[in-house]
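Coordinates as given in entry.cif (mmCIF, C-alpha atoms and all ligand atoms):
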data_start
#
loop_
_atom_site.label_atom_id
_atom_site.label_comp_id
_atom_site.auth_asym_id
_atom_site.auth_seq_id
_atom_site.Cartn_x
_atom_site.Cartn_y
_atom_site.Cartn_z
CA MET A 1 19.44 49.38 -9.77
CA PRO A 2 17.70 48.47 -6.50
CA GLY A 3 20.10 47.60 -3.71
CA PHE A 4 19.60 44.75 -1.24
CA ASP A 5 22.33 45.63 1.27
CA GLY A 6 22.26 43.10 4.09
CA LYS A 7 18.83 41.75 3.13
CA SER A 8 18.36 38.03 3.77
CA ILE A 9 16.95 36.45 0.61
CA ILE A 10 16.25 32.78 -0.18
CA VAL A 11 16.44 31.61 -3.80
CA THR A 12 15.13 28.11 -4.51
CA GLY A 13 16.25 26.30 -7.64
CA ALA A 14 19.50 28.24 -7.28
CA ALA A 15 21.75 25.53 -8.74
CA SER A 16 20.72 26.32 -12.31
CA GLY A 17 18.97 28.59 -14.79
CA ILE A 18 16.79 31.43 -13.55
CA GLY A 19 17.44 30.72 -9.86
CA ALA A 20 21.24 30.72 -10.27
CA ALA A 21 21.06 33.99 -12.24
CA ALA A 22 18.86 35.58 -9.56
CA ALA A 23 21.19 34.47 -6.75
CA ARG A 24 24.23 35.92 -8.53
CA ILE A 25 22.56 39.28 -9.23
CA LEU A 26 21.13 39.57 -5.69
CA ALA A 27 24.53 38.84 -4.13
CA ALA A 28 26.17 41.42 -6.40
CA ARG A 29 23.64 43.96 -5.09
CA GLY A 30 24.53 43.26 -1.47
CA ALA A 31 21.97 40.62 -0.45
CA HIS A 32 22.87 37.80 1.91
CA VAL A 33 21.59 34.95 -0.22
CA THR A 34 20.55 31.47 0.85
CA LEU A 35 20.76 29.27 -2.24
CA ALA A 36 18.58 26.16 -2.00
CA ASP A 37 18.30 23.27 -4.43
CA ARG A 38 17.93 19.51 -4.39
CA ASP A 39 21.14 19.46 -6.47
CA GLU A 40 23.58 19.78 -3.57
CA ALA A 41 26.76 19.87 -5.65
CA GLY A 42 25.30 22.34 -8.13
CA VAL A 43 24.07 24.77 -5.50
CA GLY A 44 27.35 24.50 -3.62
CA ALA A 45 29.26 25.43 -6.77
CA ILE A 46 27.16 28.55 -7.43
CA ALA A 47 27.46 29.66 -3.78
CA GLU A 48 31.22 29.14 -3.97
CA GLN A 49 31.44 31.32 -7.11
CA ILE A 50 29.45 34.04 -5.36
CA ALA A 51 31.65 33.87 -2.25
CA GLN A 52 34.82 34.02 -4.36
CA GLY A 53 33.47 37.21 -5.95
CA GLY A 54 33.04 38.74 -2.48
CA GLY A 55 29.31 38.03 -2.11
CA LYS A 56 27.60 36.49 0.89
CA ALA A 57 26.07 33.11 0.07
CA LEU A 58 24.93 30.04 1.98
CA ALA A 59 24.20 26.80 0.08
CA ILE A 60 21.50 24.46 1.37
CA ALA A 61 20.47 21.08 -0.04
CA ALA A 62 16.67 21.14 0.06
CA ASP A 63 13.73 19.35 -1.52
CA ILE A 64 10.88 21.86 -1.74
CA ALA A 65 8.33 19.04 -1.99
CA ASP A 66 9.20 18.00 1.56
CA SER A 67 7.94 20.19 4.40
CA GLU A 68 10.71 19.23 6.84
CA SER A 69 13.29 20.12 4.23
CA VAL A 70 11.58 23.46 3.55
CA ARG A 71 11.49 24.28 7.28
CA ALA A 72 15.18 23.41 7.60
CA MET A 73 16.02 25.62 4.60
CA ILE A 74 14.22 28.60 6.12
CA GLY A 75 15.65 27.93 9.58
CA ALA A 76 19.16 27.91 8.11
CA ALA A 77 18.58 31.23 6.32
CA VAL A 78 17.15 32.84 9.45
CA SER A 79 19.98 31.70 11.70
CA ALA A 80 22.76 32.49 9.19
CA HIS A 81 21.45 35.89 8.13
CA GLY A 82 19.43 37.10 11.14
CA GLY A 83 15.94 36.72 9.66
CA LEU A 84 14.25 36.57 6.28
CA ASP A 85 13.36 39.55 4.06
CA GLY A 86 12.47 37.92 0.77
CA ALA A 87 12.46 34.91 -1.50
CA ILE A 88 12.50 34.02 -5.16
CA ASN A 89 10.99 30.57 -5.55
CA SER A 90 12.33 29.24 -8.83
CA ALA A 91 12.69 25.49 -8.17
CA GLY A 92 10.52 23.53 -10.57
CA VAL A 93 10.31 20.50 -12.82
CA PRO A 94 9.16 20.16 -16.44
CA GLN A 95 6.20 18.21 -17.79
CA ALA A 96 6.21 14.43 -18.18
CA ALA A 97 5.65 15.22 -21.89
CA LYS A 98 2.74 12.83 -22.44
CA PRO A 99 -0.76 13.38 -23.79
CA LEU A 100 -3.42 13.53 -21.08
CA HIS A 101 -4.71 9.99 -21.62
CA GLU A 102 -1.22 8.54 -21.13
CA LEU A 103 -0.23 10.73 -18.18
CA GLY A 104 0.24 8.53 -15.12
CA GLU A 105 -0.99 9.43 -11.65
CA ALA A 106 2.55 9.24 -10.28
CA GLU A 107 3.75 11.64 -13.01
CA TRP A 108 0.91 14.05 -12.21
CA ASP A 109 1.65 13.84 -8.48
CA PHE A 110 5.37 14.42 -9.03
CA CYS A 111 4.89 17.56 -11.15
CA LEU A 112 2.16 19.02 -8.94
CA GLY A 113 4.09 17.93 -5.83
CA VAL A 114 7.09 20.06 -6.74
CA ASN A 115 5.61 22.93 -8.77
CA LEU A 116 2.44 23.57 -6.76
CA ARG A 117 2.63 21.83 -3.38
CA GLY A 118 6.32 22.74 -3.12
CA MET A 119 5.51 26.36 -3.93
CA PHE A 120 2.79 26.30 -1.24
CA LEU A 121 5.22 24.92 1.35
CA CYS A 122 7.87 27.51 0.50
CA LEU A 123 5.39 30.40 0.58
CA LYS A 124 3.71 29.27 3.79
CA HIS A 125 6.93 28.91 5.77
CA GLN A 126 8.66 31.93 4.24
CA VAL A 127 5.71 34.18 5.07
CA ALA A 128 5.64 32.80 8.63
CA ALA A 129 9.30 33.78 8.97
CA MET A 130 8.58 37.32 7.72
CA LEU A 131 5.64 38.08 10.04
CA GLY A 132 6.34 41.18 12.10
CA ARG A 133 9.13 42.31 9.77
CA GLY A 134 7.57 42.47 6.29
CA GLY A 135 9.06 41.27 3.05
CA ALA A 136 8.35 40.06 -0.46
CA VAL A 137 8.10 36.74 -2.28
CA VAL A 138 8.25 36.08 -6.01
CA ALA A 139 6.89 32.78 -7.32
CA ILE A 140 8.20 31.67 -10.69
CA SER A 141 5.16 30.38 -12.56
CA SER A 142 5.20 30.12 -16.38
CA ALA A 143 3.55 31.33 -19.55
CA ALA A 144 2.12 27.79 -19.45
CA ALA A 145 -0.17 28.97 -16.65
CA GLU A 146 -2.24 30.84 -19.23
CA LYS A 147 -1.75 28.76 -22.37
CA GLY A 148 -2.66 25.16 -23.06
CA LEU A 149 0.48 23.42 -24.36
CA PHE A 150 0.85 20.06 -26.11
CA ASN A 151 1.56 17.10 -23.81
CA SER A 152 1.72 19.37 -20.77
CA ALA A 153 -1.46 18.96 -18.69
CA ASP A 154 0.59 18.32 -15.54
CA TYR A 155 2.85 21.35 -16.03
CA CYS A 156 0.09 23.74 -17.17
CA ALA A 157 -2.10 22.78 -14.20
CA SER A 158 0.75 23.17 -11.73
CA LYS A 159 1.71 26.61 -13.04
CA ALA A 160 -1.91 27.83 -13.25
CA GLY A 161 -2.34 26.68 -9.64
CA VAL A 162 0.58 28.90 -8.65
CA LEU A 163 -1.33 31.96 -9.91
CA GLY A 164 -4.32 31.16 -7.70
CA LEU A 165 -2.02 30.53 -4.76
CA VAL A 166 -0.17 33.81 -5.28
CA ARG A 167 -3.32 35.92 -5.61
CA ALA A 168 -4.85 34.46 -2.45
CA ALA A 169 -1.55 34.68 -0.55
CA ALA A 170 -1.16 38.34 -1.54
CA ILE A 171 -4.52 39.13 0.05
CA ASP A 172 -3.69 37.26 3.26
CA CYS A 173 -0.26 38.86 3.48
CA ALA A 174 -1.05 42.49 2.66
CA GLU A 175 -1.83 43.44 6.26
CA HIS A 176 1.56 42.03 7.28
CA ALA A 177 3.46 44.21 4.77
CA ILE A 178 4.46 41.11 2.82
CA ARG A 179 4.04 41.32 -0.96
CA VAL A 180 3.53 38.17 -3.04
CA ASN A 181 3.79 38.18 -6.84
CA ALA A 182 4.12 35.71 -9.70
CA LEU A 183 6.33 35.88 -12.75
CA LEU A 184 5.37 34.10 -15.96
CA PRO A 185 8.49 33.44 -18.03
CA GLY A 186 8.27 32.31 -21.62
CA ALA A 187 10.88 30.04 -23.20
CA THR A 188 14.12 30.73 -21.35
CA SER A 189 17.54 29.38 -22.21
CA THR A 190 18.04 26.88 -19.34
CA PRO A 191 18.52 23.11 -18.99
CA LEU A 192 14.81 22.72 -18.12
CA ALA A 193 13.72 24.32 -21.39
CA PHE A 194 16.09 22.19 -23.48
CA ARG A 195 15.02 19.00 -21.67
CA SER A 196 11.41 19.93 -22.22
CA ARG A 197 11.94 20.70 -25.93
CA ASP A 198 13.83 17.44 -26.55
CA ALA A 199 11.17 15.37 -24.79
CA ASN A 200 8.30 17.16 -26.47
CA PRO A 201 9.15 18.24 -30.05
CA LYS A 202 5.46 18.74 -30.88
CA LEU A 203 5.32 21.56 -28.33
CA ALA A 204 8.26 23.58 -29.65
CA GLY A 205 6.78 23.87 -33.13
CA THR A 206 3.59 25.48 -31.83
CA LEU A 207 4.95 28.36 -29.74
CA ARG A 208 4.86 31.83 -31.34
CA VAL A 209 7.31 34.29 -29.82
CA PRO A 210 7.12 37.74 -31.47
CA MET A 211 10.65 38.60 -30.28
CA ASN A 212 11.77 35.40 -32.03
CA ARG A 213 14.28 34.27 -29.43
CA MET A 214 14.45 32.67 -26.01
CA ALA A 215 15.00 34.78 -22.89
CA GLU A 216 18.34 34.65 -21.15
CA PRO A 217 17.91 33.57 -17.51
CA GLU A 218 19.26 36.97 -16.41
CA GLU A 219 16.39 38.73 -18.22
CA VAL A 220 13.83 36.76 -16.21
CA ALA A 221 15.83 37.12 -12.98
CA ALA A 222 15.94 40.91 -13.45
CA ALA A 223 12.15 41.11 -13.45
CA ALA A 224 11.93 38.86 -10.38
CA ILE A 225 14.45 41.07 -8.57
CA TRP A 226 12.51 44.20 -9.44
CA LEU A 227 9.36 42.60 -7.98
CA LEU A 228 11.32 41.72 -4.85
CA SER A 229 12.71 45.23 -4.48
CA ASP A 230 11.26 48.32 -2.80
CA GLU A 231 10.80 49.81 -6.28
CA ALA A 232 7.77 47.50 -6.54
CA SER A 233 6.44 48.63 -3.15
CA TYR A 234 2.81 48.92 -4.36
CA VAL A 235 2.79 45.71 -6.42
CA THR A 236 1.21 42.64 -4.89
CA GLY A 237 -0.93 39.80 -6.22
CA ALA A 238 0.36 40.57 -9.73
CA CYS A 239 1.10 37.95 -12.37
CA ILE A 240 3.63 39.46 -14.76
CA ALA A 241 4.71 37.96 -18.09
CA VAL A 242 8.35 38.03 -19.23
CA ASP A 243 7.81 36.17 -22.47
CA GLY A 244 8.98 38.14 -25.52
CA GLY A 245 5.33 38.80 -26.39
CA MET A 246 4.19 35.15 -26.46
CA GLY A 247 1.17 35.87 -24.27
CA ALA A 248 0.04 38.57 -26.69
CA THR A 249 -0.37 36.06 -29.56
N1 LIG B 301 13.20 27.69 -18.81
C1 LIG B 301 11.98 28.00 -19.24
O1 LIG B 301 11.72 28.07 -20.45
C2 LIG B 301 10.90 28.30 -18.25
C3 LIG B 301 9.73 28.87 -18.73
C4 LIG B 301 8.70 29.15 -17.83
C5 LIG B 301 8.86 28.87 -16.48
N2 LIG B 301 10.01 28.30 -16.05
C6 LIG B 301 10.11 28.00 -14.62
O2 LIG B 301 11.25 28.65 -14.10
C7 LIG B 301 11.69 27.94 -12.94
C8 LIG B 301 13.19 27.75 -13.05
O3 LIG B 301 13.45 26.86 -14.12
P1 LIG B 301 14.76 26.94 -15.01
O4 LIG B 301 14.31 27.12 -16.40
O5 LIG B 301 15.73 27.86 -14.40
O6 LIG B 301 15.20 25.40 -14.89
P2 LIG B 301 16.51 24.69 -14.35
O7 LIG B 301 16.28 23.24 -14.57
O8 LIG B 301 17.70 25.35 -14.94
O9 LIG B 301 16.46 25.01 -12.79
C9 LIG B 301 15.50 24.44 -11.95
C10 LIG B 301 16.17 24.07 -10.64
O10 LIG B 301 15.17 23.59 -9.73
C11 LIG B 301 15.74 22.53 -9.00
N3 LIG B 301 14.69 21.68 -8.43
C12 LIG B 301 13.82 20.89 -9.11
N4 LIG B 301 13.04 20.23 -8.23
C13 LIG B 301 13.42 20.63 -6.99
C14 LIG B 301 12.98 20.29 -5.69
N5 LIG B 301 12.00 19.39 -5.47
N6 LIG B 301 13.57 20.89 -4.63
C15 LIG B 301 14.57 21.78 -4.82
N7 LIG B 301 15.05 22.12 -6.04
C16 LIG B 301 14.47 21.54 -7.11
C17 LIG B 301 16.61 21.79 -10.00
O11 LIG B 301 17.58 20.98 -9.35
C18 LIG B 301 17.21 22.95 -10.79
O12 LIG B 301 18.45 23.36 -10.25
C19 LIG B 301 10.89 26.65 -12.90
O13 LIG B 301 9.87 26.78 -11.92
C20 LIG B 301 10.30 26.55 -14.28
O14 LIG B 301 9.10 25.83 -14.31
C21 LIG B 301 11.04 28.01 -16.89
#

Would you mind writing the structure in this file as structure tokens?
Amino acid sequence: MPGFDGKSIIVTGAASGIGAAAARILAARGAHVTLADRDEAGVGAIAEQIAQGGGKALAIAADIADSESVRAMIGAAVSAHGGLDGAINSAGVPQAAKPLHELGEAEWDFCLGVNLRGMFLCLKHQVAAMLGRGGAVVAISSAAAEKGLFNSADYCASKAGVLGLVRAAAIDCAEHAIRVNALLPGATSTPLAFRSRDANPKLAGTLRVPMNRMAEPEEVAAAAIWLLSDEASYVTGACIAVDGGMGAT
């Protein structure tokens, strides 16, 4: 298992689901983790659990859709842990669960504001903090980036946008020894997936998953952590599915 001894890593969306799983695993492997989420109580609780287990964790309340908040998050990680070596950007919101003709502009702006603009802000400022030192960033996109889903134009567009952002960022960052990759999870057992399924029953009935089960958040986090690690030293600009075979259907 790749070690992260003393590496300073930010995980966004760390209060829940894939982000919380990633933060726990990274801390267990020696990383100094900055856990960021707009859910202040939730992220504080996960950081507390990590610290009680002997890990090094700093909790930050942050809204990734707000550039000042993103700057403050990165500044806190840099000053607490002496710099920044990597990030897993997992914070995201589900679809408004409406057909295209009913989707409001405010709903579109909210989803794109967090999932795409927020990802841009995190990447931009994280990369700036890694210049001269190198590092790696993993953006959590979705299988929805490559599949059209019912009642999900906002979400699909936001996650497809992340792939374009990651590919272009990887090219800009290669000369700075900073790798940038995207992960495309399929249905994963987290609050977001259950909220999305309940709001959008038409969607759930249409997904074919050859492995016939949801992923556990730890299974997705493990792939993100591999991408972050030196074991993936020649991988950049990649968009990797962790979807139980859904993309193959
Ligand atoms: N669960 C799935 O089936 C699935 C599938 C594909 C992709 N994803 C993606 O994985 C990522 C993680 O989702 P999850 O399933 O772990 O969901 P989750 O709801 O368990 O966790 C998402 C976290 O992001 C946080 N967040 C939302 N908006 C934020 C903001 N503006 N600023 C800071 N934090 C914010 C939430 O508070 C929450 O803690 C998301 O980007 C999601 O789109 C999830």

Task: Within-8 Å residues of ligand LIG 301 (chain B), basis only C-alpha atoms and all ligand atoms, as a VMD selection string - done: chain A and resid 12 to 20 36 to 39 42 to 43 61 to 66 89 to 94 114 to 115 118 140 to 144 155 159 184 to 194 214 to 215 217

Task: Expected answer as a PyMOL selection string: all residues with atoms within 12 Å of (-3.0, 34.4, -23.9), only C-alpha atoms - done: chain A and resi 142-149+184+186+207-209+241+243+245-249

Task: Sphere at (25.4, 38.2, -9.1), radius 10 Å, counting all atoms listed in the file: residues as JSON, numbers by chain - done: {"A": [20, 21, 22, 23, 24, 25, 26, 27, 28, 29, 30, 31, 46, 49, 50, 53, 55, 218]}

Task: Residue nearest Leu112 in chain A among A:Glu48, A:Asp154, A:Glu219, A:Asp230 (counting all atoms listed in the file) - done: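 Among the listed residues, the smallest separation from Leu112 in chain A belongs to A:Asp154.
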
- [ ] Do a neighbour search on Ile10 in chain A at 8 Å with all atoms listed in the file, toss out local chain neighbours closer than 6 positions, and write the hits as a list in words.
- [x] Val33, Thr34, Leu35, Ala36, Ile74, Ala77, Leu84, Gly86, Ala87, Ile88 and Asn89 of chain A

Task: Nearest to Glu68 in chain A, chosen from A:Lys7, A:Arg167, A:Arg213, A:His125, with only C-alpha atoms counted in the distances - done: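 Of the candidates, the smallest distance to Glu68 in chain A is held by A:His125.
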
Task: Top pick for closest residue to Ile171 in chain A, considering A:Gly237, A:Gly205, A:Pro99, A:Gly135 and counting all atoms listed in the file - done: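 Under the stated criterion, the closest residue is A:Gly237.
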
- [ ] Give me, please, the distance in Å between CA of Cys239 in chain A and CA of Val78 in chain A, quoted to one decimal.
- [x] 27.6 Å

Open item on the list: With distances taken over all atoms listed in the file, which residue among A:Phe150, A:Lys98, A:Gly104, A:Phe110 lies nearest Thr206 in chain A?
Closed with: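 Of A:Phe150, A:Lys98, A:Gly104, A:Phe110, the one nearest Thr206 in chain A, counting all atoms listed in the file, is A:Phe150.
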
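Between CA of Ala80 in chain A and CA of Ala57 in chain A the separation is 9.7 Å.
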
Task: Using all atoms listed in the file: which of A:Asn200, A:Val220, A:Ile178, A:Asn212 has the shortest distance to Ala232 in chain A - done: A:Ile178

- [ ] Determine the nearest neighbour of Asn181 in chain A from the options A:Val162, A:Val242, A:Leu100, A:Glu40, counting all atoms listed in the file.
- [x]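 Between A:Val162, A:Val242, A:Leu100, A:Glu40, the residue approaching Asn181 in chain A most closely is A:Val162.
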
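You will find CA of Ile9 in chain A at 11.6 Å from CA of Met73 in chain A.
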
TODO: Might you pull out every residue within 10 Å of Val166 in chain A, with only C-alpha atoms counted and same-chain residues fewer than 3 positions away left off, and present them as a ChimeraX atom specification?
DONE: /A:119-120,123,137-139,141,161-163,169-172,179-182,236-239

How would range 127-139 of chain A read, as a compact mmCIF listing (two decimals), keeping the file's coordinate frame, once N, CA and C atoms are built in?
# COMPACT_ATOMS: atom_id res chain seq x y z
N VAL A 127 6.56 33.10 4.53
CA VAL A 127 5.71 34.18 5.07
C VAL A 127 5.71 34.12 6.60
N ALA A 128 5.62 32.93 7.16
CA ALA A 128 5.64 32.80 8.63
C ALA A 128 6.92 33.41 9.20
N ALA A 129 8.03 33.23 8.48
CA ALA A 129 9.30 33.78 8.97
C ALA A 129 9.39 35.30 8.81
N MET A 130 8.53 35.86 7.97
CA MET A 130 8.58 37.32 7.72
C MET A 130 7.55 38.09 8.55
N LEU A 131 6.68 37.39 9.26
CA LEU A 131 5.64 38.08 10.04
C LEU A 131 6.31 39.01 11.05
N GLY A 132 5.79 40.22 11.15
CA GLY A 132 6.34 41.18 12.10
C GLY A 132 7.51 41.97 11.55
N ARG A 133 7.96 41.62 10.34
CA ARG A 133 9.13 42.31 9.77
C ARG A 133 8.88 42.77 8.34
N GLY A 134 7.88 42.12 7.68
CA GLY A 134 7.57 42.47 6.29
C GLY A 134 8.52 41.80 5.33
N GLY A 135 8.20 41.89 4.04
CA GLY A 135 9.06 41.27 3.05
C GLY A 135 8.35 41.10 1.73
N ALA A 136 8.93 40.29 0.86
CA ALA A 136 8.35 40.06 -0.46
C ALA A 136 8.75 38.68 -0.96
N VAL A 137 7.83 38.05 -1.68
CA VAL A 137 8.10 36.74 -2.28
C VAL A 137 7.72 36.78 -3.75
N VAL A 138 8.56 36.21 -4.58
CA VAL A 138 8.25 36.08 -6.01
C VAL A 138 8.20 34.59 -6.35
N ALA A 139 7.07 34.17 -6.90
CA ALA A 139 6.89 32.78 -7.32
C ALA A 139 7.10 32.70 -8.82
